[in-house]
Amino acid sequence: MKRVQFKSYYTQYFFVAPQLAIILVFLYLPIVQTFTDAFTTQDAFGFGRYFSGFDNFIFALSDATYLRAFKFTILFICVITFFSCSMGLLLAVQANNVIHGKSYYKTLLIWPYAIAPAVVGVTANYFFSERLGILYSFFHNLWGFNWYDNIHDAYIYVFIAATWKQISANFIFFLAGLQTIQKPIIEASLIDCKSSFRRFWTITFPLLMPTTFFLIIINITYSFFDTLGIIDTTTIGAPSGETKTLVFKAYIDGFRGLDLGSAGAQSIVMMLIVLVITVFQFRFIEGRIHYN
Amino acid sequence: MSRTISQLLSHFILIAGMLLMVVPIWIIFASSTHDNITILSDGMKWGLGDQLIKNYDEVLNQKGGFSQEITATKLFLNSFIMALGIATLTVTTSLMSAYAIVYFRFKLAVPLFWLIFITLLVPLELRILPSYQVVSDLHLINTYSGLILPLSASAIATFFFRQFYKSVPDELLEAAKLDGANSWKFFIDFLIPLSKTMMAAMFIFMFVYGYNQYLWPLIMTTSEKYWTVVMGMKIIFMASTVERFAYIILSIIPPVLVVVFLQRWFIQGLFQTK
């Protein structure tokens, strides 16, 4: 908190009002609607909705496809986070190390950040199409790759598309993190330790932990929500719903299946998951400000 | 000697990473400059063809859609209106509400803080169906406001501005107060000029976020007049494969240019608070 602040009867409300108005109408109203949907069920004749307690939750969560989507989402998050983080880190360390051409590399590595997930999906679609796809025929020649039928091949397809998109975001943050490490520490470590490999793992990497932790959360959120555009433009859940993430499933159940109760219940469960993630994130960021 | 080797290795890895990023898009671009029949019979191409102008001209100016009146140029215009709207609205409202929360002493500050920040838990993907209902009740389906407002209900920028304000030394306000500045003058003459980098970073972030929206425009625009570029991916109305390739390339140009040319502002702003 600031030591010195303004005191006024109404000025502060003027400053908050615009954002508050937008948030109340376009965020809280839909959230209230979500809760209403989740705890009510439409009657048989479609005339109205009646209170049904946790029925929608029990119905949605006990569905076998929900468990499948849950498992897939966890796997999806882990694979994307691991691969995009490690590739982003590898490239950031090299970009921080080179003496010549640093800014060229930087520019050529960050631009995919700006591409929409849906566009990445559509692009990947061409590389993995049976007719034109370069990657499809390459993998097909290796082990008979066919994502239309084989679950694991479909996994590989969406993993590649979703990871590719996220490498540059990780690269940007890791590079910025590396540049905040103070010069004297680097110079001291150069004297103490000759092996650059060991120097990285014992000195640089621990100093990067805050960035890494922050990025893990960013990547979890990305794999959870932003990949909806990728799934919807690549496999659309194929084969037989095996590549549906939780967010994609809730969207399909609600919008295509018109089951508002189940979609609402699924959304509330996801809000709880995000709540847990955000609490971690918040405590971490607040903690770091103190640290500085 | 080992230094040279380490430099060479770094360059090697960076070039490999760069190729991984550039090659897929290059192949789409190269293929988009060929004749449709060539692509369908020979597959995607690494080298350039001679149909560049013809294909891109057709994509931009050919009329399509159900009414046969919509061109891709129109979709680009819609995307720009939407992205600029979201970026402007979010940056302005967030800048103001963060100011109230950090710089004013009032009882409701803490409840308001939570009311705004709890929204970080609920991205649009989680409230898409009820949002559609709300927007439809307000008769905002097929309007620019309907495209812009629900996506502007975001506390991310507020959070960054709050962090930034907290890092501004208290002495600034003390000095301003000694000079007789009131809350308006302090905000406009002191804080806004100081926040310029941060504002630019948030603007770029929200512009790219808005331009790249896919699901929301897909759901809430039933009239082709409000279609955007990215959602157009799903309902591409051009006939041939090469034109779709050209459409992909055109669609990524605006946000990529914004990020590449403004990267210094973007990165500086994002890391200023840390």
# chains A, B, ... in the order shown; residues from 1 in each chain; ligands from 1
>>> interface_residues(of="chain B", to="chain A", cutoff="6 Å", atoms="only C-alpha atoms", output="MDAnalysis selection string")
chainID B and resid 7 10 18 43 93 96:97 100 103:105 121 126 130:131 150 153 212 252 255:256
>>> residues_around(residues="Ile248 (chain B)", least_positions_apart="2", cutoff="10 Å", atoms="only C-alpha atoms", output="PDB file with N, CA and C atoms, in the first residue's frame")
ATOM      1  N   VAL A 119      -5.301 -20.310 -36.327  1.00  0.00           N
ATOM      2  CA  VAL A 119      -4.542 -20.277 -37.584  1.00  0.00           C
ATOM      3  C   VAL A 119      -3.452 -21.349 -37.565  1.00  0.00           C
ATOM      4  N   VAL A 120      -2.827 -21.523 -36.407  1.00  0.00           N
ATOM      5  CA  VAL A 120      -1.845 -22.604 -36.267  1.00  0.00           C
ATOM      6  C   VAL A 120      -2.529 -23.946 -36.542  1.00  0.00           C
ATOM      7  N   VAL A 122      -5.250 -24.553 -38.394  1.00  0.00           N
ATOM      8  CA  VAL A 122      -5.560 -24.702 -39.821  1.00  0.00           C
ATOM      9  C   VAL A 122      -4.295 -25.039 -40.601  1.00  0.00           C
ATOM     10  N   THR A 123      -3.190 -24.375 -40.251  1.00  0.00           N
ATOM     11  CA  THR A 123      -1.925 -24.644 -40.918  1.00  0.00           C
ATOM     12  C   THR A 123      -1.482 -26.088 -40.682  1.00  0.00           C
TER      13      THR A 123
ATOM     14  N   ILE B  25       5.671 -22.025 -42.230  1.00  0.00           N
ATOM     15  CA  ILE B  25       4.975 -20.885 -42.819  1.00  0.00           C
ATOM     16  C   ILE B  25       5.514 -20.604 -44.223  1.00  0.00           C
ATOM     17  N   ILE B  28       3.803 -22.899 -46.658  1.00  0.00           N
ATOM     18  CA  ILE B  28       2.452 -22.416 -46.959  1.00  0.00           C
ATOM     19  C   ILE B  28       2.537 -21.238 -47.942  1.00  0.00           C
ATOM     20  N   PHE B  29       3.502 -20.334 -47.682  1.00  0.00           N
ATOM     21  CA  PHE B  29       3.638 -19.169 -48.559  1.00  0.00           C
ATOM     22  C   PHE B  29       4.039 -19.593 -49.974  1.00  0.00           C
ATOM     23  N   SER B  32       1.340 -21.066 -51.817  1.00  0.00           N
ATOM     24  CA  SER B  32       0.267 -20.139 -52.170  1.00  0.00           C
ATOM     25  C   SER B  32       0.562 -19.376 -53.451  1.00  0.00           C
ATOM     26  N   VAL B 229     -11.292 -12.146 -39.588  1.00  0.00           N
ATOM     27  CA  VAL B 229     -10.325 -12.927 -40.356  1.00  0.00           C
ATOM     28  C   VAL B 229     -10.093 -14.312 -39.748  1.00  0.00           C
ATOM     29  N   VAL B 230      -9.844 -14.338 -38.426  1.00  0.00           N
ATOM     30  CA  VAL B 230      -9.453 -15.610 -37.820  1.00  0.00           C
ATOM     31  C   VAL B 230     -10.601 -16.612 -37.807  1.00  0.00           C
ATOM     32  N   GLY B 232     -12.856 -16.675 -39.943  1.00  0.00           N
ATOM     33  CA  GLY B 232     -13.038 -17.003 -41.345  1.00  0.00           C
ATOM     34  C   GLY B 232     -12.291 -18.265 -41.750  1.00  0.00           C
ATOM     35  N   MET B 233     -11.226 -18.602 -40.975  1.00  0.00           N
ATOM     36  CA  MET B 233     -10.470 -19.834 -41.197  1.00  0.00           C
ATOM     37  C   MET B 233     -11.400 -21.036 -41.263  1.00  0.00           C
ATOM     38  N   VAL B 242      -5.006 -23.222 -52.962  1.00  0.00           N
ATOM     39  CA  VAL B 242      -3.971 -22.176 -52.975  1.00  0.00           C
ATOM     40  C   VAL B 242      -4.516 -20.872 -52.390  1.00  0.00           C
ATOM     41  N   GLU B 243      -5.781 -20.598 -52.627  1.00  0.00           N
ATOM     42  CA  GLU B 243      -6.356 -19.373 -52.068  1.00  0.00           C
ATOM     43  C   GLU B 243      -6.457 -19.466 -50.544  1.00  0.00           C
ATOM     44  N   ARG B 244      -6.705 -20.655 -50.061  1.00  0.00           N
ATOM     45  CA  ARG B 244      -6.709 -20.826 -48.599  1.00  0.00           C
ATOM     46  C   ARG B 244      -5.321 -20.586 -48.020  1.00  0.00           C
ATOM     47  N   PHE B 245      -4.303 -21.074 -48.736  1.00  0.00           N
ATOM     48  CA  PHE B 245      -2.931 -20.814 -48.284  1.00  0.00           C
ATOM     49  C   PHE B 245      -2.673 -19.311 -48.246  1.00  0.00           C
ATOM     50  N   ALA B 246      -3.077 -18.621 -49.315  1.00  0.00           N
ATOM     51  CA  ALA B 246      -2.872 -17.180 -49.376  1.00  0.00           C
ATOM     52  C   ALA B 246      -3.604 -16.489 -48.225  1.00  0.00           C
ATOM     53  N   LEU B 250      -2.010 -14.037 -45.387  1.00  0.00           N
ATOM     54  CA  LEU B 250      -2.520 -12.678 -45.171  1.00  0.00           C
ATOM     55  C   LEU B 250      -2.995 -12.483 -43.734  1.00  0.00           C
ATOM     56  N   SER B 251      -3.624 -13.524 -43.174  1.00  0.00           N
ATOM     57  CA  SER B 251      -4.198 -13.376 -41.839  1.00  0.00           C
ATOM     58  C   SER B 251      -3.136 -13.221 -40.758  1.00  0.00           C
ATOM     59  N   ILE B 252      -1.933 -13.795 -40.984  1.00  0.00           N
ATOM     60  CA  ILE B 252      -0.936 -13.677 -39.916  1.00  0.00           C
ATOM     61  C   ILE B 252      -0.097 -12.414 -40.036  1.00  0.00           C
ATOM     62  N   ILE B 253      -0.168 -11.739 -41.183  1.00  0.00           N
ATOM     63  CA  ILE B 253       0.687 -10.562 -41.359  1.00  0.00           C
ATOM     64  C   ILE B 253       0.433  -9.441 -40.331  1.00  0.00           C
TER      65      ILE B 253
END
>>> select_by_dssp(residues="region 40-133 of chain B", states="alpha helix (DSSP H)", output="PyMOL selection string")
chain B and resi 40-42+52-61+72-103+109-117+128-133
>>> residues_around(residues="region 52-63 of chain A", least_positions_apart="6", cutoff="7 Å", atoms="only C-alpha atoms", output="list in words")
Ala38, Phe39, Thr40, Thr41, Gly261, Ser262, Ala265 and Gln266 of chain A
>>> atom_distance(atom1="CA of Leu178 (chain B)", atom2="CA of Ile192 (chain B)")
19.1 Å
>>> select_by_dssp(residues="region 25-123 of chain A", states="strand (DSSP E or B)", output="number ranges by chain")
A: 40-42, 49-51
>>> closest_atom_pairs(of="region 32-84 of chain A", to="region 155-159 of chain A", cutoff="10 Å", atoms="only C-alpha atoms", output="JSON lines")
{"residue": "A:Phe72", "atom": "CA", "partner": "A:Tyr155", "partner_atom": "CA", "distance": 8.9}
{"residue": "A:Leu75", "atom": "CA", "partner": "A:Tyr155", "partner_atom": "CA", "distance": 9.5}
{"residue": "A:Phe76", "atom": "CA", "partner": "A:Phe159", "partner_atom": "CA", "distance": 7.0}
{"residue": "A:Ile77", "atom": "CA", "partner": "A:Phe159", "partner_atom": "CA", "distance": 9.5}
{"residue": "A:Val79", "atom": "CA", "partner": "A:Phe159", "partner_atom": "CA", "distance": 7.2}
{"residue": "A:Ile80", "atom": "CA", "partner": "A:Phe159", "partner_atom": "CA", "distance": 6.6}
{"residue": "A:Phe83", "atom": "CA", "partner": "A:Phe159", "partner_atom": "CA", "distance": 9.4}
